[in-house]
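A.B. asks: After the structure tokens below, expect a handful of questions from me.
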Amino acid sequence: MSPPGRPKGEYRSAQHEGNPISPPGRPKGEYRSAQHEGSPMSLLQIEALTASYDRSPVLHEVSLSVPEGGFIAVVGANTAGKSTLLRCISGLLDKTSGSVKFDGQEILRLPPHRIPELGIAHVPEGRHVFPDMTVEENLYLGGYTRRRDTAAVRRDCDRIYALFPRLQERRRQAAGTLSGGEQQMVAFGRALMLKPRLLLLDEPSHGLAPKIVEEMHQAMVDIHRGGLTILLVEQNTRLALSVAEHAYVLQSGSMVLSGPSNALLEDSRVRAAYLGL
């Protein structure tokens, strides 16, 4: 999804001294910063976000925009700051500055328990299921804020089973006994039970077998087609750029490129740095 008025395939780049994917030899000003003004249609708008753990800075004035109904990816190497970005949105980091607005409301200082109430669901890296609870109990926890409407929650649980038939087969099984891929499906489904407006996905393909990665790939495409806004962070650059419409490249805590995913997929610097081509 290219920003209005931007020719298809055009993308932005930041000028960083010594940046391995910065364009050498370009006339000054030819490339524009990845940190750009947001559209008024943005569901999520991040401006100059800085974050640190203890005294170690991780994110450096990061800005990005997620339009309502969009599918945006943030790609980069391990330790680039991708998971930290999602933790800031979910209110899980204290040492932050800048602005994170969801549907026009500033949320950077909200306590973590308020974030799901606004319609933001976060699937963290590592799945984090409740191991002693059954698959179905894990899913029902995702619908806790809607627990009074039991019929609707039941219908949504059935939709998760339609999306991941394997979970229906194991619905009475303790989640901790599932394979890694099945636990990822539980975490994914639990987030969807919230009926979110924005889904945050943190490295959903990490550590999974290729067949399971393909299933997750298809699930992301299907739920986005249903109208859900998605912000995906991935080290699997090829996967991320194949499913998202627009992407940002995060490097050492700074945004260095952004543009339509198909343009970034063909960019020689991205291919060399992240695809091994």
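Following the order of the structure tokens, first chain is A, next is B, and so on, with residues numbered from 1 inside each chain and ligands from 1 in the order they appear.
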If we count only C-alpha atoms and set the cut-off at 8 Å, which residues sit around Gly98 (chain A), ignoring sequence neighbours fewer than 2 positions away in its own chain? Please answer as a list in words.

C.D. replies: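 Contacts, in chain order: Ile46, Glu47, Ala48, Leu49, Thr50, Glu61, Thr96 and Val100 of chain A.
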
A.B. asks: With N, CA and C atoms retained, export the selected residues as an mmCIF file, in the first residue's frame.

C.D. replies:
```cif
data_model
loop_
_atom_site.group_PDB
_atom_site.id
_atom_site.type_symbol
_atom_site.label_atom_id
_atom_site.label_comp_id
_atom_site.auth_asym_id
_atom_site.auth_seq_id
_atom_site.Cartn_x
_atom_site.Cartn_y
_atom_site.Cartn_z
ATOM 1 N N ILE A 46 3.437 6.405 15.219
ATOM 2 C CA ILE A 46 4.583 6.485 16.130
ATOM 3 C C ILE A 46 5.511 7.582 15.650
ATOM 4 N N GLU A 47 5.906 8.461 16.558
ATOM 5 C CA GLU A 47 6.769 9.581 16.211
ATOM 6 C C GLU A 47 7.927 9.682 17.205
ATOM 7 N N ALA A 48 9.147 9.700 16.676
ATOM 8 C CA ALA A 48 10.359 9.949 17.466
ATOM 9 C C ALA A 48 10.421 9.093 18.723
ATOM 10 N N LEU A 49 10.088 7.823 18.580
ATOM 11 C CA LEU A 49 10.079 6.918 19.722
ATOM 12 C C LEU A 49 11.499 6.499 20.086
ATOM 13 N N THR A 50 11.855 6.730 21.335
ATOM 14 C CA THR A 50 13.152 6.332 21.871
ATOM 15 C C THR A 50 12.909 5.423 23.076
ATOM 16 N N GLU A 61 14.622 7.442 18.102
ATOM 17 C CA GLU A 61 13.702 8.331 17.393
ATOM 18 C C GLU A 61 13.052 7.634 16.194
ATOM 19 N N THR A 96 10.896 5.241 28.015
ATOM 20 C CA THR A 96 10.580 5.605 26.638
ATOM 21 C C THR A 96 10.302 7.098 26.550
ATOM 22 N N VAL A 100 3.284 7.579 20.826
ATOM 23 C CA VAL A 100 2.616 6.427 20.215
ATOM 24 C C VAL A 100 1.118 6.699 20.312
#
```

A.B. asks: Fewer than 3 positions away in the same chain doesn't count, so skip those; otherwise give me all residues within 6 Å of region 121-137 of chain A, counting only C-alpha atoms, as a list in words.

C.D. replies: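 The contact residues come out as Pro116, Tyr140, Arg171, Arg172, Gln173, Ala174, Ala175, Gly176, Gln184, Ala187, Ala191, Pro196, Leu199, Leu200, Leu201, Asp202 and Glu203 of chain A.
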
A.B. asks: Take the selection from the previous step and output its residues with C-alpha atoms, as an mmCIF file, in the first residue's frame.

C.D. replies:
```cif
data_model
loop_
_atom_site.group_PDB
_atom_site.id
_atom_site.type_symbol
_atom_site.label_atom_id
_atom_site.label_comp_id
_atom_site.auth_asym_id
_atom_site.auth_seq_id
_atom_site.Cartn_x
_atom_site.Cartn_y
_atom_site.Cartn_z
ATOM 1 C CA PRO A 116 -5.921 -4.677 25.154
ATOM 2 C CA TYR A 140 -11.205 -18.385 26.171
ATOM 3 C CA ARG A 171 -8.851 -28.561 22.339
ATOM 4 C CA ARG A 172 -8.897 -30.671 25.542
ATOM 5 C CA GLN A 173 -5.123 -31.114 25.580
ATOM 6 C CA ALA A 174 -2.843 -29.136 27.919
ATOM 7 C CA ALA A 175 -1.205 -26.394 25.877
ATOM 8 C CA GLY A 176 2.192 -27.161 27.362
ATOM 9 C CA GLN A 184 2.123 -20.602 18.229
ATOM 10 C CA ALA A 187 -1.049 -17.774 20.987
ATOM 11 C CA ALA A 191 -4.988 -12.832 20.464
ATOM 12 C CA PRO A 196 -8.685 -6.598 18.139
ATOM 13 C CA LEU A 199 -2.713 -7.239 15.860
ATOM 14 C CA LEU A 200 0.962 -7.087 16.832
ATOM 15 C CA LEU A 201 2.925 -10.168 15.750
ATOM 16 C CA ASP A 202 6.430 -10.690 17.102
ATOM 17 C CA GLU A 203 8.539 -13.184 15.109
#
```

A.B. asks: Using Å and a single decimal, report how far CA of Ala152 (chain A) sits from CA of Gly181 (chain A).

C.D. replies: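 Rounded to one decimal, the two atoms are 26.7 Å apart.
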
A.B. asks: Would you pick out the contacts of Ile230 (chain A) at 10 Å or less, using only C-alpha atoms, so that residues sharing its chain but fewer than 4 positions from it are not included, and give the list as a ChimeraX atom specification?

C.D. replies: /A:66-73,120-121,196-201,220-221,223-224,244

A.B. asks: For the residues in that selection, give me C-alpha atoms as a PDB file, in the first residue's frame.

C.D. replies:
```
ATOM      1  CA  VAL A  66       0.130   1.882  10.246  1.00  0.00           C
ATOM      2  CA  PRO A  67      -3.001   2.719   8.236  1.00  0.00           C
ATOM      3  CA  GLU A  68      -6.328   1.238   9.274  1.00  0.00           C
ATOM      4  CA  GLY A  69      -6.776  -2.031   7.413  1.00  0.00           C
ATOM      5  CA  GLY A  70      -3.090  -2.140   6.469  1.00  0.00           C
ATOM      6  CA  PHE A  71      -0.520  -4.890   6.759  1.00  0.00           C
ATOM      7  CA  ILE A  72       2.830  -3.382   7.754  1.00  0.00           C
ATOM      8  CA  ALA A  73       6.070  -5.251   8.426  1.00  0.00           C
ATOM      9  CA  ILE A 120      -4.582  -3.970  20.557  1.00  0.00           C
ATOM     10  CA  ALA A 121      -3.571  -7.634  20.772  1.00  0.00           C
ATOM     11  CA  PRO A 196      -8.685  -6.598  18.139  1.00  0.00           C
ATOM     12  CA  ARG A 197      -8.484  -3.649  15.799  1.00  0.00           C
ATOM     13  CA  LEU A 198      -4.693  -4.003  15.659  1.00  0.00           C
ATOM     14  CA  LEU A 199      -2.713  -7.239  15.860  1.00  0.00           C
ATOM     15  CA  LEU A 200       0.962  -7.087  16.832  1.00  0.00           C
ATOM     16  CA  LEU A 201       2.925 -10.168  15.750  1.00  0.00           C
ATOM     17  CA  MET A 220      -1.913 -13.968   8.424  1.00  0.00           C
ATOM     18  CA  VAL A 221      -3.076 -13.422   4.848  1.00  0.00           C
ATOM     19  CA  ILE A 223      -7.165 -12.593   8.713  1.00  0.00           C
ATOM     20  CA  HIS A 224      -5.869  -9.506   6.963  1.00  0.00           C
ATOM     21  CA  ALA A 244       2.921  -7.287   4.038  1.00  0.00           C
TER      22      ALA A 244
END
```

A.B. asks: List the neighbours of Leu64 (chain A) out to 12 Å using only C-alpha atoms; skip same-chain residues closer than 2 positions along the sequence, and give me the result as a PyMOL selection string.

C.D. replies: chain A and resi 33-39+42-49+61-62+66-67+72-74+85+89+98-101+231+246-250+254-259

A.B. asks: Put those residues in a file: C-alpha atoms, as a short mmCIF file (atom, residue, chain, number, x, y, z; two decimals), in the first residue's frame.

C.D. replies:
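selection33.cif written:
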```
data_model
loop_
_atom_site.label_atom_id
_atom_site.label_comp_id
_atom_site.auth_asym_id
_atom_site.auth_seq_id
_atom_site.Cartn_x
_atom_site.Cartn_y
_atom_site.Cartn_z
CA SER A 33 14.03 9.60 5.51
CA ALA A 34 12.07 6.54 6.57
CA GLN A 35 10.67 8.69 9.36
CA HIS A 36 7.80 10.38 7.62
CA GLU A 37 4.60 12.18 8.41
CA GLY A 38 1.62 9.96 9.08
CA SER A 39 -1.56 9.86 7.12
CA SER A 42 -3.40 6.09 10.42
CA LEU A 43 -4.68 3.72 13.08
CA LEU A 44 -1.25 3.64 14.74
CA GLN A 45 1.13 6.59 14.54
CA ILE A 46 4.58 6.48 16.13
CA GLU A 47 6.77 9.58 16.21
CA ALA A 48 10.36 9.95 17.47
CA LEU A 49 10.08 6.92 19.72
CA GLU A 61 13.70 8.33 17.39
CA VAL A 62 11.77 5.72 15.44
CA VAL A 66 0.13 1.88 10.25
CA PRO A 67 -3.00 2.72 8.24
CA ILE A 72 2.83 -3.38 7.75
CA ALA A 73 6.07 -5.25 8.43
CA VAL A 74 9.19 -4.20 10.30
CA LEU A 85 9.16 -1.61 19.34
CA ILE A 89 3.23 -0.12 21.90
CA GLY A 98 8.27 10.22 21.95
CA SER A 99 4.71 9.53 20.89
CA VAL A 100 2.62 6.43 20.22
CA LYS A 101 -0.95 7.22 19.16
CA LEU A 231 1.90 -4.90 12.39
CA HIS A 246 4.44 -1.87 3.14
CA ALA A 247 7.60 -2.41 5.19
CA TYR A 248 10.23 -0.67 7.25
CA VAL A 249 13.82 -1.78 7.76
CA LEU A 250 15.07 -1.36 11.33
CA SER A 254 17.00 3.22 13.68
CA MET A 255 14.69 3.13 10.68
CA VAL A 256 16.84 3.12 7.55
CA LEU A 257 14.44 2.23 4.73
CA SER A 258 10.72 2.09 4.09
CA GLY A 259 8.51 1.45 1.11
#
```

A.B. asks: Pick out the residues sitting within 9 Å of region 240-242 of chain A, and hand them over as a PyMOL selection string; count only C-alpha atoms, and ignore anything fewer than 6 positions along from it in its own chain.

C.D. replies: chain A and resi 72-75+217+232-234+260-262+264-265

A.B. asks: Once you have the residues from the selection above, write them out as a PDB file, in the first residue's frame, restricted to N, CA and C atoms.

C.D. replies:
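Listing of result.pdb after writing:
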```
ATOM      1  N   ILE A  72       1.505  -4.004   7.731  1.00  0.00           N
ATOM      2  CA  ILE A  72       2.830  -3.382   7.754  1.00  0.00           C
ATOM      3  C   ILE A  72       3.818  -4.333   8.419  1.00  0.00           C
ATOM      4  N   ALA A  73       5.017  -4.424   7.852  1.00  0.00           N
ATOM      5  CA  ALA A  73       6.070  -5.251   8.426  1.00  0.00           C
ATOM      6  C   ALA A  73       7.244  -4.379   8.833  1.00  0.00           C
ATOM      7  N   VAL A  74       7.902  -4.781   9.901  1.00  0.00           N
ATOM      8  CA  VAL A  74       9.187  -4.199  10.295  1.00  0.00           C
ATOM      9  C   VAL A  74      10.185  -5.345  10.279  1.00  0.00           C
ATOM     10  N   VAL A  75      11.205  -5.225   9.443  1.00  0.00           N
ATOM     11  CA  VAL A  75      12.192  -6.291   9.308  1.00  0.00           C
ATOM     12  C   VAL A  75      13.553  -5.787   9.755  1.00  0.00           C
ATOM     13  N   HIS A 217       1.768 -18.275   7.633  1.00  0.00           N
ATOM     14  CA  HIS A 217       1.756 -17.339   6.512  1.00  0.00           C
ATOM     15  C   HIS A 217       0.329 -17.199   5.992  1.00  0.00           C
ATOM     16  N   LEU A 232       3.563  -6.538  11.806  1.00  0.00           N
ATOM     17  CA  LEU A 232       4.377  -7.742  11.929  1.00  0.00           C
ATOM     18  C   LEU A 232       5.839  -7.357  12.048  1.00  0.00           C
ATOM     19  N   VAL A 233       6.546  -7.903  13.033  1.00  0.00           N
ATOM     20  CA  VAL A 233       7.998  -7.763  13.066  1.00  0.00           C
ATOM     21  C   VAL A 233       8.596  -9.141  12.853  1.00  0.00           C
ATOM     22  N   GLU A 234       9.593  -9.211  11.981  1.00  0.00           N
ATOM     23  CA  GLU A 234      10.133 -10.507  11.565  1.00  0.00           C
ATOM     24  C   GLU A 234      11.606 -10.413  11.224  1.00  0.00           C
ATOM     25  N   PRO A 260       6.999   0.182  -0.299  1.00  0.00           N
ATOM     26  CA  PRO A 260       6.192  -0.988  -0.648  1.00  0.00           C
ATOM     27  C   PRO A 260       7.037  -2.250  -0.552  1.00  0.00           C
ATOM     28  N   SER A 261       6.454  -3.306  -0.048  1.00  0.00           N
ATOM     29  CA  SER A 261       7.215  -4.537   0.193  1.00  0.00           C
ATOM     30  C   SER A 261       7.828  -5.089  -1.087  1.00  0.00           C
ATOM     31  N   ASN A 262       7.098  -4.999  -2.195  1.00  0.00           N
ATOM     32  CA  ASN A 262       7.657  -5.551  -3.435  1.00  0.00           C
ATOM     33  C   ASN A 262       8.895  -4.782  -3.877  1.00  0.00           C
ATOM     34  N   LEU A 264      11.055  -3.238  -1.798  1.00  0.00           N
ATOM     35  CA  LEU A 264      12.149  -3.607  -0.899  1.00  0.00           C
ATOM     36  C   LEU A 264      12.654  -5.015  -1.186  1.00  0.00           C
ATOM     37  N   LEU A 265      11.747  -5.893  -1.593  1.00  0.00           N
ATOM     38  CA  LEU A 265      12.152  -7.256  -1.905  1.00  0.00           C
ATOM     39  C   LEU A 265      13.107  -7.306  -3.084  1.00  0.00           C
TER      40      LEU A 265
END
```

A.B. asks: Out of region 36-250 of chain A, which residues get alpha helix (DSSP H) from DSSP, as a ChimeraX atom specification?

C.D. replies: /A:82-89,114-118,135-142,150-163,165-169,180-192,210-225,237-243

A.B. asks: Write the selection just made, keeping C-alpha atoms, as a PDB file, in the first residue's frame?

C.D. replies:
```pdb
ATOM      1  CA  LYS A  82      11.993  -5.040  16.602  1.00  0.00           C
ATOM      2  CA  SER A  83      10.582  -6.718  19.725  1.00  0.00           C
ATOM      3  CA  THR A  84      11.306  -3.593  21.765  1.00  0.00           C
ATOM      4  CA  LEU A  85       9.159  -1.609  19.336  1.00  0.00           C
ATOM      5  CA  LEU A  86       6.146  -3.845  19.987  1.00  0.00           C
ATOM      6  CA  ARG A  87       6.771  -3.820  23.736  1.00  0.00           C
ATOM      7  CA  CYS A  88       6.611  -0.014  23.670  1.00  0.00           C
ATOM      8  CA  ILE A  89       3.231  -0.121  21.905  1.00  0.00           C
ATOM      9  CA  ARG A 114      -5.309  -0.757  29.347  1.00  0.00           C
ATOM     10  CA  ILE A 115      -3.816  -1.560  25.957  1.00  0.00           C
ATOM     11  CA  PRO A 116      -5.921  -4.677  25.154  1.00  0.00           C
ATOM     12  CA  GLU A 117      -9.039  -2.789  26.226  1.00  0.00           C
ATOM     13  CA  LEU A 118      -8.397  -0.348  23.370  1.00  0.00           C
ATOM     14  CA  VAL A 135      -6.061 -25.269  24.368  1.00  0.00           C
ATOM     15  CA  GLU A 136      -9.662 -24.166  24.714  1.00  0.00           C
ATOM     16  CA  GLU A 137      -9.088 -22.559  28.107  1.00  0.00           C
ATOM     17  CA  ASN A 138      -6.178 -20.601  26.622  1.00  0.00           C
ATOM     18  CA  LEU A 139      -8.410 -19.396  23.804  1.00  0.00           C
ATOM     19  CA  TYR A 140     -11.205 -18.385  26.171  1.00  0.00           C
ATOM     20  CA  LEU A 141      -8.756 -16.293  28.171  1.00  0.00           C
ATOM     21  CA  GLY A 142      -8.230 -14.210  25.041  1.00  0.00           C
ATOM     22  CA  THR A 150     -20.704 -16.206  26.014  1.00  0.00           C
ATOM     23  CA  ALA A 151     -22.435 -16.995  22.729  1.00  0.00           C
ATOM     24  CA  ALA A 152     -20.198 -14.589  20.795  1.00  0.00           C
ATOM     25  CA  VAL A 153     -17.070 -15.921  22.483  1.00  0.00           C
ATOM     26  CA  ARG A 154     -18.105 -19.469  21.590  1.00  0.00           C
ATOM     27  CA  ARG A 155     -18.646 -18.469  17.954  1.00  0.00           C
ATOM     28  CA  ASP A 156     -15.234 -16.801  17.828  1.00  0.00           C
ATOM     29  CA  CYS A 157     -13.613 -19.890  19.310  1.00  0.00           C
ATOM     30  CA  ASP A 158     -15.190 -21.932  16.514  1.00  0.00           C
ATOM     31  CA  ARG A 159     -13.702 -19.473  13.998  1.00  0.00           C
ATOM     32  CA  ILE A 160     -10.256 -20.059  15.488  1.00  0.00           C
ATOM     33  CA  TYR A 161     -10.782 -23.800  15.075  1.00  0.00           C
ATOM     34  CA  ALA A 162     -11.732 -23.203  11.445  1.00  0.00           C
ATOM     35  CA  LEU A 163      -8.541 -21.200  10.966  1.00  0.00           C
ATOM     36  CA  PRO A 165      -8.208 -27.209  12.556  1.00  0.00           C
ATOM     37  CA  ARG A 166      -5.371 -28.839  14.490  1.00  0.00           C
ATOM     38  CA  LEU A 167      -6.377 -26.876  17.583  1.00  0.00           C
ATOM     39  CA  GLN A 168      -9.884 -28.288  17.508  1.00  0.00           C
ATOM     40  CA  GLU A 169      -8.416 -31.787  17.517  1.00  0.00           C
ATOM     41  CA  GLY A 180       6.064 -25.359  19.179  1.00  0.00           C
ATOM     42  CA  GLY A 181       4.039 -24.741  16.043  1.00  0.00           C
ATOM     43  CA  GLU A 182       0.789 -25.705  17.737  1.00  0.00           C
ATOM     44  CA  GLN A 183       1.567 -23.445  20.681  1.00  0.00           C
ATOM     45  CA  GLN A 184       2.123 -20.602  18.229  1.00  0.00           C
ATOM     46  CA  MET A 185      -1.332 -21.290  16.794  1.00  0.00           C
ATOM     47  CA  VAL A 186      -2.775 -21.116  20.322  1.00  0.00           C
ATOM     48  CA  ALA A 187      -1.049 -17.774  20.987  1.00  0.00           C
ATOM     49  CA  PHE A 188      -2.240 -16.452  17.625  1.00  0.00           C
ATOM     50  CA  GLY A 189      -5.799 -17.649  18.224  1.00  0.00           C
ATOM     51  CA  ARG A 190      -5.874 -16.301  21.777  1.00  0.00           C
ATOM     52  CA  ALA A 191      -4.988 -12.832  20.464  1.00  0.00           C
ATOM     53  CA  LEU A 192      -7.732 -13.026  17.844  1.00  0.00           C
ATOM     54  CA  PRO A 210       8.720 -24.852   7.190  1.00  0.00           C
ATOM     55  CA  LYS A 211       5.284 -26.483   6.929  1.00  0.00           C
ATOM     56  CA  ILE A 212       4.057 -24.656  10.044  1.00  0.00           C
ATOM     57  CA  VAL A 213       5.559 -21.391   8.780  1.00  0.00           C
ATOM     58  CA  GLU A 214       3.497 -21.793   5.622  1.00  0.00           C
ATOM     59  CA  GLU A 215       0.345 -22.352   7.693  1.00  0.00           C
ATOM     60  CA  MET A 216       1.059 -19.229   9.733  1.00  0.00           C
ATOM     61  CA  HIS A 217       1.756 -17.339   6.512  1.00  0.00           C
ATOM     62  CA  GLN A 218      -1.656 -18.303   5.145  1.00  0.00           C
ATOM     63  CA  ALA A 219      -3.396 -17.488   8.436  1.00  0.00           C
ATOM     64  CA  MET A 220      -1.913 -13.968   8.424  1.00  0.00           C
ATOM     65  CA  VAL A 221      -3.076 -13.422   4.848  1.00  0.00           C
ATOM     66  CA  ASP A 222      -6.572 -14.715   5.626  1.00  0.00           C
ATOM     67  CA  ILE A 223      -7.165 -12.593   8.713  1.00  0.00           C
ATOM     68  CA  HIS A 224      -5.869  -9.506   6.963  1.00  0.00           C
ATOM     69  CA  ARG A 225      -8.240 -10.116   4.076  1.00  0.00           C
ATOM     70  CA  THR A 237      12.628 -10.957   5.765  1.00  0.00           C
ATOM     71  CA  ARG A 238      11.417 -12.980   2.819  1.00  0.00           C
ATOM     72  CA  LEU A 239       8.295 -14.092   4.678  1.00  0.00           C
ATOM     73  CA  ALA A 240       7.522 -10.596   5.961  1.00  0.00           C
ATOM     74  CA  LEU A 241       7.897  -8.925   2.580  1.00  0.00           C
ATOM     75  CA  SER A 242       5.807 -11.619   0.914  1.00  0.00           C
ATOM     76  CA  VAL A 243       2.759 -11.001   3.132  1.00  0.00           C
TER      77      VAL A 243
END
```

A.B. asks: If I take CA of Thr229 (chain A) and CA of Gly104 (chain A), how far is one from the other in Å, to one decimal?

C.D. replies: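 Value for the CA of Thr229 (chain A)-CA of Gly104 (chain A) distance: 15.5 Å.
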
A.B. asks: Identify all residues of region 63-183 of chain A in strand (DSSP E) (DSSP on the backbone) and supply them as a VMD selection string.

C.D. replies: chain A and resid 63 to 67 71 to 75 96 to 102 105 to 106 120 to 123

A.B. asks: With distances taken over only C-alpha atoms, which residue among A:Ser63, A:Lys195, A:Gln251, A:Thr79 lies nearest Ala273 (chain A)?

C.D. replies: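 Of all the options, A:Gln251 lies closest to Ala273 (chain A).
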
A.B. asks: Give the answer as one residue: which of A:Gln235, A:Ser56, A:Ser252, A:Ser65 has the shortest atom-to-atom distance to Gly207 (chain A), using only C-alpha atoms?

C.D. replies: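 Using only C-alpha atoms, the shortest distance to Gly207 (chain A) belongs to A:Gln235.
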
A.B. asks: Can you work out the spacing between CA of Gly276 (chain A) and CA of Pro204 (chain A) in Å, to one decimal?

C.D. replies: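 Here the two named atoms are 20.9 Å from each other.
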
A.B. asks: Check the smallest atom-to-atom distance from each of A:Asp149, A:Met41, A:Pro57, A:Arg269 to Phe102 (chain A) using only C-alpha atoms, then report the winner.

C.D. replies: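 So, comparing all the options, the nearest one is A:Met41.
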